[in-house]
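Chemist: Dropping in model_3.cif, with mmCIF, C-alpha atoms.
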data_protein
loop_
_atom_site.label_atom_id
_atom_site.label_comp_id
_atom_site.auth_asym_id
_atom_site.auth_seq_id
_atom_site.Cartn_x
_atom_site.Cartn_y
_atom_site.Cartn_z
CA GLY A 1 106.61 -12.53 274.02
CA ASN A 2 109.51 -12.51 276.40
CA SER A 3 111.74 -15.55 276.78
CA VAL A 4 115.01 -16.61 278.37
CA THR A 5 117.30 -19.35 277.10
CA GLN A 6 120.17 -20.67 279.16
CA MET A 7 122.63 -23.47 278.61
CA GLU A 8 121.63 -26.93 279.66
CA GLY A 9 123.28 -28.70 282.53
CA PRO A 10 124.58 -30.31 284.43
CA VAL A 11 127.86 -28.47 284.31
CA THR A 12 130.51 -30.37 286.23
CA LEU A 13 133.69 -28.58 287.27
CA SER A 14 136.63 -29.09 289.54
CA GLU A 15 137.21 -26.71 292.42
CA GLU A 16 139.00 -23.49 291.36
CA ALA A 17 137.89 -23.89 287.73
CA PHE A 18 136.35 -21.04 285.71
CA LEU A 19 132.57 -21.10 285.36
CA THR A 20 130.48 -19.63 282.54
CA ILE A 21 126.74 -20.10 282.16
CA ASN A 22 125.31 -18.65 278.98
CA CYS A 23 122.01 -16.79 279.00
CA THR A 24 120.27 -15.04 276.12
CA TYR A 25 116.91 -13.34 276.07
CA THR A 26 114.18 -11.89 273.90
CA ALA A 27 112.06 -9.04 275.17
CA THR A 28 109.69 -6.49 273.71
CA GLY A 29 110.40 -3.74 276.23
CA TYR A 30 113.33 -2.70 278.40
CA PRO A 31 114.00 -5.63 280.68
CA SER A 32 115.91 -5.87 283.90
CA LEU A 33 118.01 -9.04 284.09
CA PHE A 34 118.70 -11.29 287.06
CA TRP A 35 120.59 -14.36 288.14
CA TYR A 36 119.05 -16.39 290.94
CA VAL A 37 120.60 -19.39 292.70
CA GLN A 38 118.77 -22.35 294.22
CA TYR A 39 120.43 -24.68 296.70
CA PRO A 40 118.92 -28.17 297.17
CA GLY A 41 115.49 -28.11 298.79
CA GLU A 42 115.42 -24.33 299.09
CA GLY A 43 113.83 -21.36 297.40
CA LEU A 44 115.59 -18.96 295.07
CA GLN A 45 118.06 -16.35 296.23
CA LEU A 46 118.95 -13.32 294.18
CA LEU A 47 122.58 -13.55 293.12
CA LEU A 48 122.93 -10.39 291.04
CA LYS A 49 121.02 -8.05 288.77
CA ALA A 50 121.44 -5.45 286.02
CA THR A 51 118.82 -2.93 285.03
CA LYS A 52 120.15 -1.37 281.84
CA ALA A 53 122.52 -2.01 278.97
CA ASP A 54 126.23 -2.30 279.86
CA ASP A 55 125.47 -2.62 283.59
CA LYS A 56 127.58 -5.23 285.35
CA GLY A 57 126.07 -7.07 288.29
CA SER A 58 128.39 -8.74 290.77
CA ASN A 59 128.14 -10.64 294.03
CA LYS A 60 130.16 -13.35 295.85
CA GLY A 61 132.71 -13.49 293.01
CA PHE A 62 130.04 -13.91 290.33
CA GLU A 63 129.65 -11.37 287.54
CA ALA A 64 127.33 -10.80 284.59
CA THR A 65 127.18 -7.94 282.08
CA TYR A 66 123.97 -6.80 280.38
CA ARG A 67 124.80 -6.92 276.64
CA LYS A 68 121.96 -5.39 274.66
CA GLU A 69 123.69 -5.85 271.30
CA THR A 70 123.89 -9.61 271.78
CA THR A 71 120.82 -9.86 274.08
CA SER A 72 122.92 -11.78 276.58
CA PHE A 73 123.61 -11.87 280.31
CA HIS A 74 126.21 -14.60 280.81
CA LEU A 75 127.19 -15.55 284.36
CA GLU A 76 130.87 -16.00 285.20
CA LYS A 77 133.01 -16.85 288.21
CA GLY A 78 136.75 -17.09 288.09
CA SER A 79 137.33 -19.80 290.71
CA VAL A 80 134.44 -21.96 291.88
CA GLN A 81 134.13 -23.72 295.22
CA VAL A 82 132.25 -26.85 296.21
CA SER A 83 129.76 -24.58 297.99
CA ASP A 84 128.81 -23.07 294.60
CA SER A 85 127.10 -26.31 293.63
CA ALA A 86 123.50 -25.32 292.95
CA VAL A 87 121.01 -24.59 290.20
CA TYR A 88 121.35 -21.17 288.58
CA PHE A 89 118.44 -19.39 286.91
CA CYS A 90 118.59 -16.49 284.51
CA ALA A 91 115.48 -14.31 284.52
CA LEU A 92 114.13 -11.11 283.08
CA SER A 93 111.56 -8.64 284.25
CA ASP A 94 110.02 -6.41 281.63
CA VAL A 95 108.96 -3.19 283.30
CA GLY A 96 108.06 -1.57 280.01
CA THR A 97 104.31 -2.05 280.31
CA THR A 98 101.81 -2.01 283.17
CA ASP A 99 100.61 -5.49 282.30
CA SER A 100 104.04 -7.07 282.52
CA TRP A 101 105.29 -5.01 285.43
CA GLY A 102 107.19 -7.09 287.94
CA LYS A 103 106.55 -10.43 286.26
CA LEU A 104 109.63 -12.61 285.94
CA GLN A 105 110.36 -14.87 282.98
CA PHE A 106 112.81 -17.65 283.90
CA GLY A 107 115.19 -19.81 281.96
CA ALA A 108 115.09 -23.57 282.58
CA GLY A 109 117.96 -23.44 285.06
CA THR A 110 121.49 -24.83 284.88
CA GLN A 111 122.72 -27.28 287.48
CA VAL A 112 126.33 -26.75 288.49
CA VAL A 113 128.27 -29.47 290.28
CA VAL A 114 131.69 -28.60 291.70
CA THR A 115 133.89 -31.49 292.78
CA PRO A 116 136.83 -31.26 295.21
CA ASP B 117 114.10 -10.69 310.38
CA GLY B 118 111.83 -9.91 307.47
CA GLY B 119 111.04 -12.63 305.02
CA ILE B 120 108.57 -14.97 303.40
CA THR B 121 107.26 -18.05 305.20
CA GLN B 122 105.76 -20.90 303.24
CA SER B 123 104.02 -23.76 304.97
CA PRO B 124 103.94 -26.65 305.11
CA LYS B 125 107.31 -27.68 303.71
CA TYR B 126 105.86 -31.00 302.49
CA LEU B 127 102.23 -31.69 301.61
CA PHE B 128 100.40 -34.75 300.36
CA ARG B 129 97.15 -34.71 298.43
CA LYS B 130 94.64 -37.47 297.96
CA GLU B 131 92.62 -37.92 294.80
CA GLY B 132 89.76 -35.43 294.55
CA GLN B 133 91.03 -33.32 297.41
CA ASN B 134 91.73 -29.60 297.47
CA VAL B 135 94.79 -28.47 299.39
CA THR B 136 95.91 -24.99 300.39
CA LEU B 137 99.49 -23.77 300.53
CA SER B 138 100.24 -20.90 302.84
CA CYS B 139 102.44 -17.90 302.03
CA GLU B 140 103.01 -15.09 304.53
CA GLN B 141 105.38 -12.13 304.23
CA ASN B 142 106.39 -9.45 306.70
CA LEU B 143 108.30 -7.34 304.20
CA ASN B 144 105.40 -4.95 303.63
CA HIS B 145 105.52 -5.78 299.92
CA ASP B 146 102.54 -4.94 297.74
CA ALA B 147 103.06 -7.62 295.09
CA MET B 148 103.03 -11.38 295.62
CA TYR B 149 103.50 -14.29 293.23
CA TRP B 150 103.05 -18.05 293.03
CA TYR B 151 105.29 -20.20 290.84
CA ARG B 152 105.39 -23.87 290.03
CA GLN B 153 108.72 -25.65 289.51
CA ASP B 154 109.00 -29.03 287.81
CA PRO B 155 112.26 -31.01 287.56
CA GLY B 156 114.55 -29.70 284.86
CA GLN B 157 112.28 -26.77 284.12
CA GLY B 158 112.27 -23.16 285.06
CA LEU B 159 109.62 -21.53 287.19
CA ARG B 160 106.20 -20.95 285.70
CA LEU B 161 103.87 -18.27 287.01
CA ILE B 162 100.54 -19.47 288.38
CA TYR B 163 98.95 -16.32 289.84
CA TYR B 164 100.10 -12.92 290.98
CA SER B 165 98.68 -10.05 292.97
CA GLN B 166 99.86 -6.46 292.80
CA ILE B 167 97.54 -5.17 295.51
CA VAL B 168 95.16 -6.40 298.20
CA ASN B 169 91.83 -7.76 296.90
CA ASP B 170 93.14 -8.03 293.35
CA PHE B 171 94.96 -10.82 291.52
CA GLN B 172 95.62 -11.99 287.96
CA LYS B 173 96.15 -15.30 286.26
CA GLY B 174 99.64 -16.21 285.22
CA ASP B 175 100.68 -18.65 282.53
CA ILE B 176 99.34 -21.85 284.15
CA ALA B 177 96.38 -20.83 286.35
CA GLU B 178 94.05 -23.71 285.44
CA GLY B 179 93.33 -25.92 288.44
CA TYR B 180 94.51 -23.33 290.95
CA SER B 181 92.87 -20.54 292.93
CA VAL B 182 94.13 -17.74 295.17
CA SER B 183 92.90 -15.00 297.46
CA ARG B 184 94.49 -11.77 298.68
CA GLU B 185 92.45 -10.53 301.61
CA LYS B 186 95.46 -9.21 303.52
CA LYS B 187 98.63 -7.58 302.31
CA GLU B 188 100.85 -10.10 304.07
CA SER B 189 99.04 -13.28 302.95
CA PHE B 190 98.57 -14.93 299.55
CA PRO B 191 97.36 -18.53 299.92
CA LEU B 192 97.24 -20.88 296.94
CA THR B 193 94.64 -23.64 296.63
CA VAL B 194 95.43 -26.59 294.41
CA THR B 195 92.04 -27.92 293.39
CA SER B 196 91.02 -31.40 292.29
CA ALA B 197 90.83 -29.99 288.75
CA GLN B 198 94.64 -29.82 288.67
CA LYS B 199 95.41 -33.29 287.31
CA ASN B 200 99.17 -33.13 287.70
CA PRO B 201 99.80 -31.24 290.95
CA THR B 202 103.07 -32.90 291.96
CA ALA B 203 105.64 -30.10 291.94
CA PHE B 204 107.63 -27.67 294.04
CA TYR B 205 105.65 -24.48 294.70
CA LEU B 206 107.40 -21.19 295.35
CA CYS B 207 105.91 -17.97 296.65
CA ALA B 208 107.58 -14.61 296.10
CA SER B 209 106.95 -10.99 296.99
CA MET B 210 108.17 -7.70 295.63
CA GLY B 211 108.18 -4.12 296.86
CA GLY B 212 108.59 -1.17 294.56
CA HIS B 213 110.95 -2.01 291.71
CA GLN B 214 113.18 -4.26 293.77
CA PRO B 215 113.86 -7.88 292.77
CA GLN B 216 111.46 -10.55 293.89
CA HIS B 217 112.16 -12.21 297.22
CA PHE B 218 111.36 -15.93 297.50
CA GLY B 219 110.19 -18.29 300.22
CA ASP B 220 111.68 -21.76 300.77
CA GLY B 221 108.91 -23.56 298.91
CA THR B 222 106.35 -26.31 299.49
CA ARG B 223 106.76 -29.71 297.90
CA LEU B 224 103.38 -31.23 296.98
CA SER B 225 103.00 -34.92 296.24
CA ILE B 226 100.10 -37.23 295.44
CA LEU B 227 99.20 -40.11 297.74
#
Show me, as structure tokens, the structure contained in the file I just sent.

Modeler:
Amino acid sequence: GNSVTQMEGPVTLSEEAFLTINCTYTATGYPSLFWYVQYPGEGLQLLLKATKADDKGSNKGFEATYRKETTSFHLEKGSVQVSDSAVYFCALSDVGTTDSWGKLQFGAGTQVVVTP
Amino acid sequence: DGGITQSPKYLFRKEGQNVTLSCEQNLNHDAMYWYRQDPGQGLRLIYYSQIVNDFQKGDIAEGYSVSREKKESFPLTVTSAQKNPTAFYLCASMGGHQPQHFGDGTRLSIL
């Protein structure tokens, strides 16, 4: 079956530091890949997505590249701010079959704490 | 503004009681989903519905029930059979092949 593995947190950084959150996946079909962000007490917000190999998703200074050869979708940001403190979830959606269409498989989430 | 509204934000359940969590969307999305989130874990799918009057079990459906009588509504009932209901519950919807859009969640606790 499909699965997503992401690095454990918490990740603690100073403001303006470089952030990387590793995410790898296994999938039987042709997944789309997503990063969602969750701020305390809130639901999930889509941060970025990629739908095919070599696509790069980007938003708010965050980037992730769909690497089929390494089955990875690592999230990066060059200079984090205190406001980036949140939990980040990597997820995949396998649209290859009718049964799995639209269903998201999530990683466990990585908490990021940015200090001033 | 279009979006998903979950209510209530906080809910308390007594032993042996069923409780219902509301999820309403005005995005005209066909598909709707319920997830459970436990501390330090990712989201796990409880039930989903791709069309009105139809729904399927997700990975952890035991102790839960749903209905989909209207396109915009997908309520989740946590029954007394769910022995560990304390969690954060998230509802999502999806239209076409766009990413899922989430509500702000309901936090359920046991009295």

Chemist: Could you write out as a PyMOL selection string the residues that the PyMOL selection byres ((chain B) within 7 of (chain A)) matches in the shown file?

Modeler: chain B and resi 156-159+206+218-221

Chemist: I would like the residues chosen by the PyMOL selection byres ((chain B and resi 195) around 7) on the shown file; could you give them as a list in words?

Modeler: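 Taken on the displayed file, the PyMOL selection byres ((chain B and resi 195) around 7) yields the residues Gln133, Asn134, Val135, Gly179, Tyr180, Thr193, Val194, Ser196, Ala197 and Gln198 of chain B.
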
Chemist: Could you spell out the hits of the PyMOL selection byres ((chain A and resi 65) around 6) on the shown file, as an mmCIF file with C-alpha atoms, in the coordinates of the input?

Modeler:
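Output contents, as saved in result14.cif:
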data_model
loop_
_atom_site.group_PDB
_atom_site.id
_atom_site.type_symbol
_atom_site.label_atom_id
_atom_site.label_comp_id
_atom_site.auth_asym_id
_atom_site.auth_seq_id
_atom_site.Cartn_x
_atom_site.Cartn_y
_atom_site.Cartn_z
ATOM 1 C CA ASP A 55 125.470 -2.620 283.590
ATOM 2 C CA LYS A 56 127.580 -5.230 285.350
ATOM 3 C CA ALA A 64 127.330 -10.800 284.590
ATOM 4 C CA TYR A 66 123.970 -6.800 280.380
ATOM 5 C CA PHE A 73 123.610 -11.870 280.310
#

Chemist: Taking into account all atoms listed in the file, which residue in the set A:Asp84, A:Glu76, A:Asp54, A:Glu69 is nearest to Tyr25 (chain A)?

Modeler: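 Counting all atoms listed in the file, the residue closest to Tyr25 (chain A) is A:Glu69.
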
Chemist: One number please: CA of Val114 (chain A) to CA of His74 (chain A), in Å, one decimal.

Modeler: 18.6 Å

Chemist: Once 5 Å is added on each side, what are the centre and the three edge lengths, in Å to one decimal, of the axis-aligned box enclosing the listed atoms of region 188-195 of chain B? Present them as JSON.

Modeler:
{"center_x": 96.4, "center_y": -19.0, "center_z": 298.7, "size_x": 18.8, "size_y": 27.8, "size_z": 20.7}

Chemist: With distances taken over all atoms listed in the file, which of B:Ile176, B:Leu224, B:Leu192, B:Leu127 is nearest to Phe204 (chain B)?

Modeler: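 Smallest separation from Phe204 (chain B) among the options: B:Leu224.
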
Chemist: Between CA of Ser138 (chain B) and CA of Leu92 (chain A), what is the spacing in Å?

Modeler: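 The value is 26.1 Å.
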
Chemist: Which residue, B:Thr202, B:Pro191, B:Lys186, B:Ser181, has the smallest gap to Gln122 (chain B) when you use all atoms listed in the file?

Modeler: B:Pro191

Chemist: What is the CA of Pro215 (chain B) to CA of Phe171 (chain B) distance in Å?

Modeler: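 Spanning CA of Pro215 (chain B) to CA of Phe171 (chain B) is a straight-line distance of 19.2 Å.
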
Chemist: Counting only C-alpha atoms, which of B:Gln214, B:Ser225, B:Ser209, B:Ser123 gets nearest to Tyr163 (chain B)?

Modeler: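 Closest residue, counting only C-alpha atoms: B:Ser209.
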
Chemist: From the options B:Ala208, B:Ile226, B:Met148, B:Ala203, which residue's atoms come nearest to Gln166 (chain B), counting only C-alpha atoms?

Modeler: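 Under the stated criterion, the closest residue is B:Met148.
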
Chemist: Go through A:Ala86, A:Val112, A:Val37, A:Leu47 one by one, measure the shortest atom-to-atom distance of each to Ala17 (chain A) using all atoms listed in the file, and give the residue with the smallest value.

Modeler: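 Among A:Ala86, A:Val112, A:Val37, A:Leu47, it is A:Val112 that comes nearest to Ala17 (chain A).
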
Chemist: For a cutoff of 9 Å around the file-coordinate point (98.8, -12.1, 299.1), which residues qualify once you count only C-alpha atoms? I'd like the result as a list in words.

Modeler: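 Taken together, the residues in range are Cys139, Glu140, Gln141, Asp146, Ala147, Met148, Tyr149, Tyr164, Ser165, Gln166, Ile167, Val168, Asn169, Phe171, Val182, Ser183, Arg184, Glu185, Lys186, Lys187, Glu188, Ser189, Phe190, Pro191 and Ser209 of chain B.
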